[in-house]
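Have a look at the structure below, then the notes.
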Amino acid sequence: MSINRRQFLRRAGIVTALGLGGSFVINAAGSKLAEAAAESTYGTSTQGLAAKHWAMVVDMSKFKSKDDFKRVSQACDLIHNVPDIGNTKDEIKWIWEDDYEHTFSGGENEYLTESFKELPFVVMCNHCENPPCVKACPTGATFKRPDGIVDMDYHRCIGCRFCMGACPFSARSFNFRNPRPFIKENNPDYPTRTQGVVEKCIFCVERLAKGQKPACVEVSKGGLIFGDLDDPNSEVRKIISSKFTIRRKAELGTQPSVYYLVGGGEHA
Ligand code: SF4
Ligand code: SF4
């Protein structure tokens with residue numbers, strides 16, 4: 001993301017006034033690469049994947065067992081060096097399971113059955129079209145890419161947590177402590193973070209750049225469908241334009257790019 005000089009000086013002024021500081025170091029040391037995406041059905045390429053508007057569909061019919069949830073969160077955690085700190089207060093979450101009330105609170109849908117409301121849901125950053133986290137961040141550490149992905153530049157994060165206060169989905173985590181000792185299996189191809197930095201799902205931008213789909217999508221057995229919402233021929237577009245999908249807290253106007261397919265079956 002580029003910011004002009006005026007924006008930079010204004011943001012720098014806020015940072016100085018707050019007296020905040022943060023850091024980020026690339027951890028080159030590591031053990032063997034996680035094989036989380038081993039079940040890939042997509043070919044890899046040296047060409048990056050491009051879209052006008054990346055979006056995700058969560059097909060609820062494919063998330064039935066604990067394993068269905070665990071598979072996607074483990075793939076993400078392994079590839080991105082997400083630590084397992086072991087307590088909810090310090091927890092770092094990129095993609096996780098939550099209940100109906102937390103996922104869709106405020107957006108009651110009278111047509112949904114009671115049994116649907118008892119289901120767990122897979123949740124992550126929604127890569128909102130109008131992301132309040134981006135507006136709140138004083139340094140540009142959180143920014144929206146032209147393809148719709150809300151990305152993070154950890155180098156710029158000063159740990160003020162304004163973005164966390166602004167996100168109505170609790171989709172961001174703060175490293176209250178050094179995450180490195182809590183990483184189960186270090187992936188040397190992805191940077192670790194430091195204490196005092198905010199992080200979240202980034203739709204695997206580092207994999208898209210290499211021509212690969214997000215890690216969670218690859219292991220989801222069709223439960224997560226990823227594609228270009230602007231492309232009328234993409235699977236996500238076909239599902240969203242022809243099936244009943246819902247988005248989290250749509251009433252807030254953030255316009256999530258993650259859609260939940262309700263009713264299931266063969267999605268496209
Ligand atoms: S879900 Fe939260 S963190 Fe993600 S883009 Fe929307 S406001 Fe930002
Ligand atoms: S904590 Fe959030 S708002 Fe503050 S600099 Fe980091 S990304 Fe931006």
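Residue numbering restarts at 1 in every chain; chains get A, B, ... in the order shown in the structure tokens, and ligands count up from 1 in that same order.
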
Compile a residue-level contact table for chain A against ligand 2 at a cut-off of 8 Å, reporting for every qualifying residue the shortest atom pair and its distance in Å to one decimal, with only C-alpha atoms and all ligand atoms counted, rows ordered by chain and ascending number, as JSON lines.
```
{"residue": "A:Cys133", "atom": "CA", "partner": "ligand 2", "partner_atom_place_in_ligand_line": "3 (S)", "distance": 6.9}
{"residue": "A:Val134", "atom": "CA", "partner": "ligand 2", "partner_atom_place_in_ligand_line": "3 (S)", "distance": 7.6}
{"residue": "A:Ala136", "atom": "CA", "partner": "ligand 2", "partner_atom_place_in_ligand_line": "3 (S)", "distance": 5.8}
{"residue": "A:Cys137", "atom": "CA", "partner": "ligand 2", "partner_atom_place_in_ligand_line": "3 (S)", "distance": 3.4}
{"residue": "A:Pro138", "atom": "CA", "partner": "ligand 2", "partner_atom_place_in_ligand_line": "8 (Fe)", "distance": 5.8}
{"residue": "A:Thr139", "atom": "CA", "partner": "ligand 2", "partner_atom_place_in_ligand_line": "5 (S)", "distance": 5.3}
{"residue": "A:Gly140", "atom": "CA", "partner": "ligand 2", "partner_atom_place_in_ligand_line": "8 (Fe)", "distance": 6.3}
{"residue": "A:Ala141", "atom": "CA", "partner": "ligand 2", "partner_atom_place_in_ligand_line": "7 (S)", "distance": 4.8}
{"residue": "A:Thr142", "atom": "CA", "partner": "ligand 2", "partner_atom_place_in_ligand_line": "7 (S)", "distance": 4.8}
{"residue": "A:Met152", "atom": "CA", "partner": "ligand 2", "partner_atom_place_in_ligand_line": "7 (S)", "distance": 6.9}
{"residue": "A:Asp153", "atom": "CA", "partner": "ligand 2", "partner_atom_place_in_ligand_line": "7 (S)", "distance": 7.8}
{"residue": "A:Tyr154", "atom": "CA", "partner": "ligand 2", "partner_atom_place_in_ligand_line": "6 (Fe)", "distance": 7.4}
{"residue": "A:Arg156", "atom": "CA", "partner": "ligand 2", "partner_atom_place_in_ligand_line": "5 (S)", "distance": 6.3}
{"residue": "A:Cys157", "atom": "CA", "partner": "ligand 2", "partner_atom_place_in_ligand_line": "6 (Fe)", "distance": 3.5}
{"residue": "A:Ile158", "atom": "CA", "partner": "ligand 2", "partner_atom_place_in_ligand_line": "5 (S)", "distance": 4.3}
{"residue": "A:Gly159", "atom": "CA", "partner": "ligand 2", "partner_atom_place_in_ligand_line": "1 (S)", "distance": 3.7}
{"residue": "A:Cys160", "atom": "CA", "partner": "ligand 2", "partner_atom_place_in_ligand_line": "4 (Fe)", "distance": 3.9}
{"residue": "A:Arg161", "atom": "CA", "partner": "ligand 2", "partner_atom_place_in_ligand_line": "1 (S)", "distance": 3.5}
{"residue": "A:Phe162", "atom": "CA", "partner": "ligand 2", "partner_atom_place_in_ligand_line": "3 (S)", "distance": 4.2}
{"residue": "A:Cys163", "atom": "CA", "partner": "ligand 2", "partner_atom_place_in_ligand_line": "3 (S)", "distance": 4.0}
{"residue": "A:Met164", "atom": "CA", "partner": "ligand 2", "partner_atom_place_in_ligand_line": "2 (Fe)", "distance": 6.2}
{"residue": "A:Phe174", "atom": "CA", "partner": "ligand 2", "partner_atom_place_in_ligand_line": "1 (S)", "distance": 7.7}
{"residue": "A:Val197", "atom": "CA", "partner": "ligand 2", "partner_atom_place_in_ligand_line": "6 (Fe)", "distance": 6.1}
{"residue": "A:Val198", "atom": "CA", "partner": "ligand 2", "partner_atom_place_in_ligand_line": "1 (S)", "distance": 5.3}
{"residue": "A:Glu199", "atom": "CA", "partner": "ligand 2", "partner_atom_place_in_ligand_line": "7 (S)", "distance": 7.5}
```

Give me, as number ranges by chain, the set of residues whose atoms come within 8 Å of any atom of ligand 1, counting only C-alpha atoms and all ligand atoms. A: 124-134, 149-150, 163-164, 166-172, 200-201, 254, 256

Please dump the current selection as a PDB file, in the first residue's frame; keep N, CA and C atoms.
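And here's out35.pdb as it stands now:
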```pdb
ATOM      1  N   MET A 124     -13.379 -16.495  10.269  1.00  0.00           N
ATOM      2  CA  MET A 124     -12.052 -15.909  10.006  1.00  0.00           C
ATOM      3  C   MET A 124     -12.253 -14.424   9.736  1.00  0.00           C
ATOM      4  N   CYS A 125     -11.198 -13.726   9.405  1.00  0.00           N
ATOM      5  CA  CYS A 125     -11.361 -12.338   8.946  1.00  0.00           C
ATOM      6  C   CYS A 125     -12.242 -12.364   7.711  1.00  0.00           C
ATOM      7  N   ASN A 126     -13.182 -11.434   7.626  1.00  0.00           N
ATOM      8  CA  ASN A 126     -14.135 -11.414   6.509  1.00  0.00           C
ATOM      9  C   ASN A 126     -13.649 -10.634   5.285  1.00  0.00           C
ATOM     10  N   HIS A 127     -12.487 -10.060   5.376  1.00  0.00           N
ATOM     11  CA  HIS A 127     -11.962  -9.256   4.267  1.00  0.00           C
ATOM     12  C   HIS A 127     -13.064  -8.328   3.737  1.00  0.00           C
ATOM     13  N   CYS A 128     -13.518  -7.513   4.670  1.00  0.00           N
ATOM     14  CA  CYS A 128     -14.666  -6.640   4.413  1.00  0.00           C
ATOM     15  C   CYS A 128     -14.375  -5.642   3.285  1.00  0.00           C
ATOM     16  N   GLU A 129     -15.412  -5.358   2.505  1.00  0.00           N
ATOM     17  CA  GLU A 129     -15.263  -4.337   1.471  1.00  0.00           C
ATOM     18  C   GLU A 129     -15.109  -2.951   2.086  1.00  0.00           C
ATOM     19  N   ASN A 130     -15.761  -2.724   3.210  1.00  0.00           N
ATOM     20  CA  ASN A 130     -15.598  -1.465   3.950  1.00  0.00           C
ATOM     21  C   ASN A 130     -14.992  -1.794   5.320  1.00  0.00           C
ATOM     22  N   PRO A 131     -13.710  -2.062   5.369  1.00  0.00           N
ATOM     23  CA  PRO A 131     -13.127  -2.581   6.617  1.00  0.00           C
ATOM     24  C   PRO A 131     -12.839  -1.477   7.651  1.00  0.00           C
ATOM     25  N   PRO A 132     -13.554  -1.481   8.757  1.00  0.00           N
ATOM     26  CA  PRO A 132     -13.291  -0.460   9.779  1.00  0.00           C
ATOM     27  C   PRO A 132     -11.901  -0.567  10.386  1.00  0.00           C
ATOM     28  N   CYS A 133     -11.317  -1.767  10.359  1.00  0.00           N
ATOM     29  CA  CYS A 133      -9.965  -1.942  10.905  1.00  0.00           C
ATOM     30  C   CYS A 133      -8.955  -1.109  10.121  1.00  0.00           C
ATOM     31  N   VAL A 134      -9.150  -1.018   8.810  1.00  0.00           N
ATOM     32  CA  VAL A 134      -8.225  -0.254   7.969  1.00  0.00           C
ATOM     33  C   VAL A 134      -8.327   1.238   8.298  1.00  0.00           C
ATOM     34  N   ILE A 149      -8.368  -8.082  -0.575  1.00  0.00           N
ATOM     35  CA  ILE A 149      -7.819  -8.719   0.631  1.00  0.00           C
ATOM     36  C   ILE A 149      -7.356  -7.646   1.618  1.00  0.00           C
ATOM     37  N   VAL A 150      -7.755  -7.820   2.868  1.00  0.00           N
ATOM     38  CA  VAL A 150      -7.292  -6.915   3.930  1.00  0.00           C
ATOM     39  C   VAL A 150      -6.039  -7.550   4.525  1.00  0.00           C
ATOM     40  N   CYS A 163      -7.237  -1.320  15.628  1.00  0.00           N
ATOM     41  CA  CYS A 163      -7.904  -2.190  14.646  1.00  0.00           C
ATOM     42  C   CYS A 163      -8.776  -3.228  15.347  1.00  0.00           C
ATOM     43  N   MET A 164      -8.301  -3.710  16.478  1.00  0.00           N
ATOM     44  CA  MET A 164      -9.062  -4.732  17.209  1.00  0.00           C
ATOM     45  C   MET A 164     -10.351  -4.145  17.761  1.00  0.00           C
ATOM     46  N   ALA A 166     -11.921  -1.742  16.413  1.00  0.00           N
ATOM     47  CA  ALA A 166     -12.797  -1.382  15.291  1.00  0.00           C
ATOM     48  C   ALA A 166     -13.447  -2.595  14.636  1.00  0.00           C
ATOM     49  N   CYS A 167     -12.814  -3.751  14.710  1.00  0.00           N
ATOM     50  CA  CYS A 167     -13.358  -4.942  14.030  1.00  0.00           C
ATOM     51  C   CYS A 167     -14.548  -5.501  14.809  1.00  0.00           C
ATOM     52  N   PRO A 168     -15.716  -5.536  14.191  1.00  0.00           N
ATOM     53  CA  PRO A 168     -16.891  -6.053  14.911  1.00  0.00           C
ATOM     54  C   PRO A 168     -16.971  -7.578  14.933  1.00  0.00           C
ATOM     55  N   PHE A 169     -15.962  -8.236  14.384  1.00  0.00           N
ATOM     56  CA  PHE A 169     -15.993  -9.690  14.275  1.00  0.00           C
ATOM     57  C   PHE A 169     -14.948 -10.379  15.165  1.00  0.00           C
ATOM     58  N   SER A 170     -14.234  -9.610  15.954  1.00  0.00           N
ATOM     59  CA  SER A 170     -13.150 -10.154  16.790  1.00  0.00           C
ATOM     60  C   SER A 170     -12.223 -11.044  15.971  1.00  0.00           C
ATOM     61  N   ALA A 171     -11.922 -10.582  14.764  1.00  0.00           N
ATOM     62  CA  ALA A 171     -11.154 -11.419  13.842  1.00  0.00           C
ATOM     63  C   ALA A 171      -9.651 -11.195  13.958  1.00  0.00           C
ATOM     64  N   ARG A 172      -9.244 -10.369  14.931  1.00  0.00           N
ATOM     65  CA  ARG A 172      -7.810 -10.069  15.073  1.00  0.00           C
ATOM     66  C   ARG A 172      -7.311 -10.520  16.429  1.00  0.00           C
ATOM     67  N   LYS A 200      -3.865 -11.706  11.867  1.00  0.00           N
ATOM     68  CA  LYS A 200      -5.161 -12.256  11.464  1.00  0.00           C
ATOM     69  C   LYS A 200      -5.014 -12.997  10.146  1.00  0.00           C
ATOM     70  N   CYS A 201      -6.082 -13.645   9.714  1.00  0.00           N
ATOM     71  CA  CYS A 201      -6.128 -14.296   8.394  1.00  0.00           C
ATOM     72  C   CYS A 201      -5.873 -13.281   7.293  1.00  0.00           C
ATOM     73  N   THR A 254     -20.240  -3.530   6.772  1.00  0.00           N
ATOM     74  CA  THR A 254     -18.817  -3.720   6.432  1.00  0.00           C
ATOM     75  C   THR A 254     -18.658  -4.529   5.143  1.00  0.00           C
ATOM     76  N   PRO A 256     -18.850  -8.089   4.270  1.00  0.00           N
ATOM     77  CA  PRO A 256     -17.894  -9.196   4.291  1.00  0.00           C
ATOM     78  C   PRO A 256     -17.747  -9.889   2.927  1.00  0.00           C
TER      79      PRO A 256
END
```

Return as an NGL selection string the full set of residues in region 119-213 of chain A whose backbone-based DSSP assignment is strand (DSSP E or B). :A and (120-124 or 142-144 or 150-152 or 173-174 or 198-199)

CA of Leu78 (chain A) to CA of Gln195 (chain A), distance in Å rounded to a single decimal: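 So the two atoms, CA of Leu78 (chain A) and CA of Gln195 (chain A), lie 18.9 Å apart.
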
May I have the residues within 9 Å of Tyr260 (chain A) as a list in words, using only C-alpha atoms and disregarding those fewer than 6 positions away in the same chain? Met56, Val57, Val58, Asp59, Met60, Phe121, Phe244, Thr245, Ile246, Arg247 and Arg248 of chain A

Kindly save the residues from that selection, with N, CA and C atoms included, as a compact mmCIF listing (two decimals), in the first residue's frame.
```txt
# COMPACT_ATOMS: atom_id res chain seq x y z
N MET A 56 -14.73 -15.83 -0.35
CA MET A 56 -14.78 -17.21 0.15
C MET A 56 -16.23 -17.60 0.41
N VAL A 57 -16.57 -18.83 0.03
CA VAL A 57 -17.87 -19.39 0.42
C VAL A 57 -17.62 -20.54 1.39
N VAL A 58 -18.30 -20.53 2.51
CA VAL A 58 -18.23 -21.63 3.47
C VAL A 58 -19.47 -22.48 3.27
N ASP A 59 -19.28 -23.69 2.76
CA ASP A 59 -20.42 -24.59 2.54
C ASP A 59 -20.68 -25.34 3.85
N MET A 60 -21.71 -24.91 4.53
CA MET A 60 -22.01 -25.46 5.86
C MET A 60 -22.25 -26.97 5.84
N PHE A 121 -19.76 -22.85 13.43
CA PHE A 121 -19.42 -22.22 12.16
C PHE A 121 -17.92 -21.99 12.10
N PHE A 244 -28.79 -19.77 -1.51
CA PHE A 244 -29.06 -18.95 -0.33
C PHE A 244 -27.81 -18.87 0.54
N THR A 245 -27.19 -17.70 0.55
CA THR A 245 -26.00 -17.48 1.38
C THR A 245 -26.27 -16.34 2.35
N ILE A 246 -25.56 -16.40 3.47
CA ILE A 246 -25.67 -15.30 4.44
C ILE A 246 -24.27 -14.81 4.79
N ARG A 247 -24.20 -13.55 5.24
CA ARG A 247 -22.93 -13.00 5.68
C ARG A 247 -23.03 -12.57 7.14
N ARG A 248 -21.89 -12.52 7.78
CA ARG A 248 -21.88 -12.16 9.20
C ARG A 248 -22.24 -10.69 9.38
```

Give me the residues near region 225-234 of chain A as a ChimeraX atom specification, where near means some atom within 12 Å (using only C-alpha atoms) and where sequence neighbours in that chain fewer than 6 positions away do not count. /A:42,49-60,62,129,147-149,203-204,208,212-219,240-242,256-261,266-268

Could you please write out, as a PyMOL selection string, every residue of region 96-229 of chain A that DSSP assigns to alpha helix (DSSP H)? chain A and resi 100-104+114-117+132-136+162-166+205-208+215-219

Residue among A:Pro179, A:Phe104, A:Gln47, A:Arg71 lying closest to Glu91 (chain A), counting only C-alpha atoms: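 Result for the nearest residue to Glu91 (chain A): A:Pro179.
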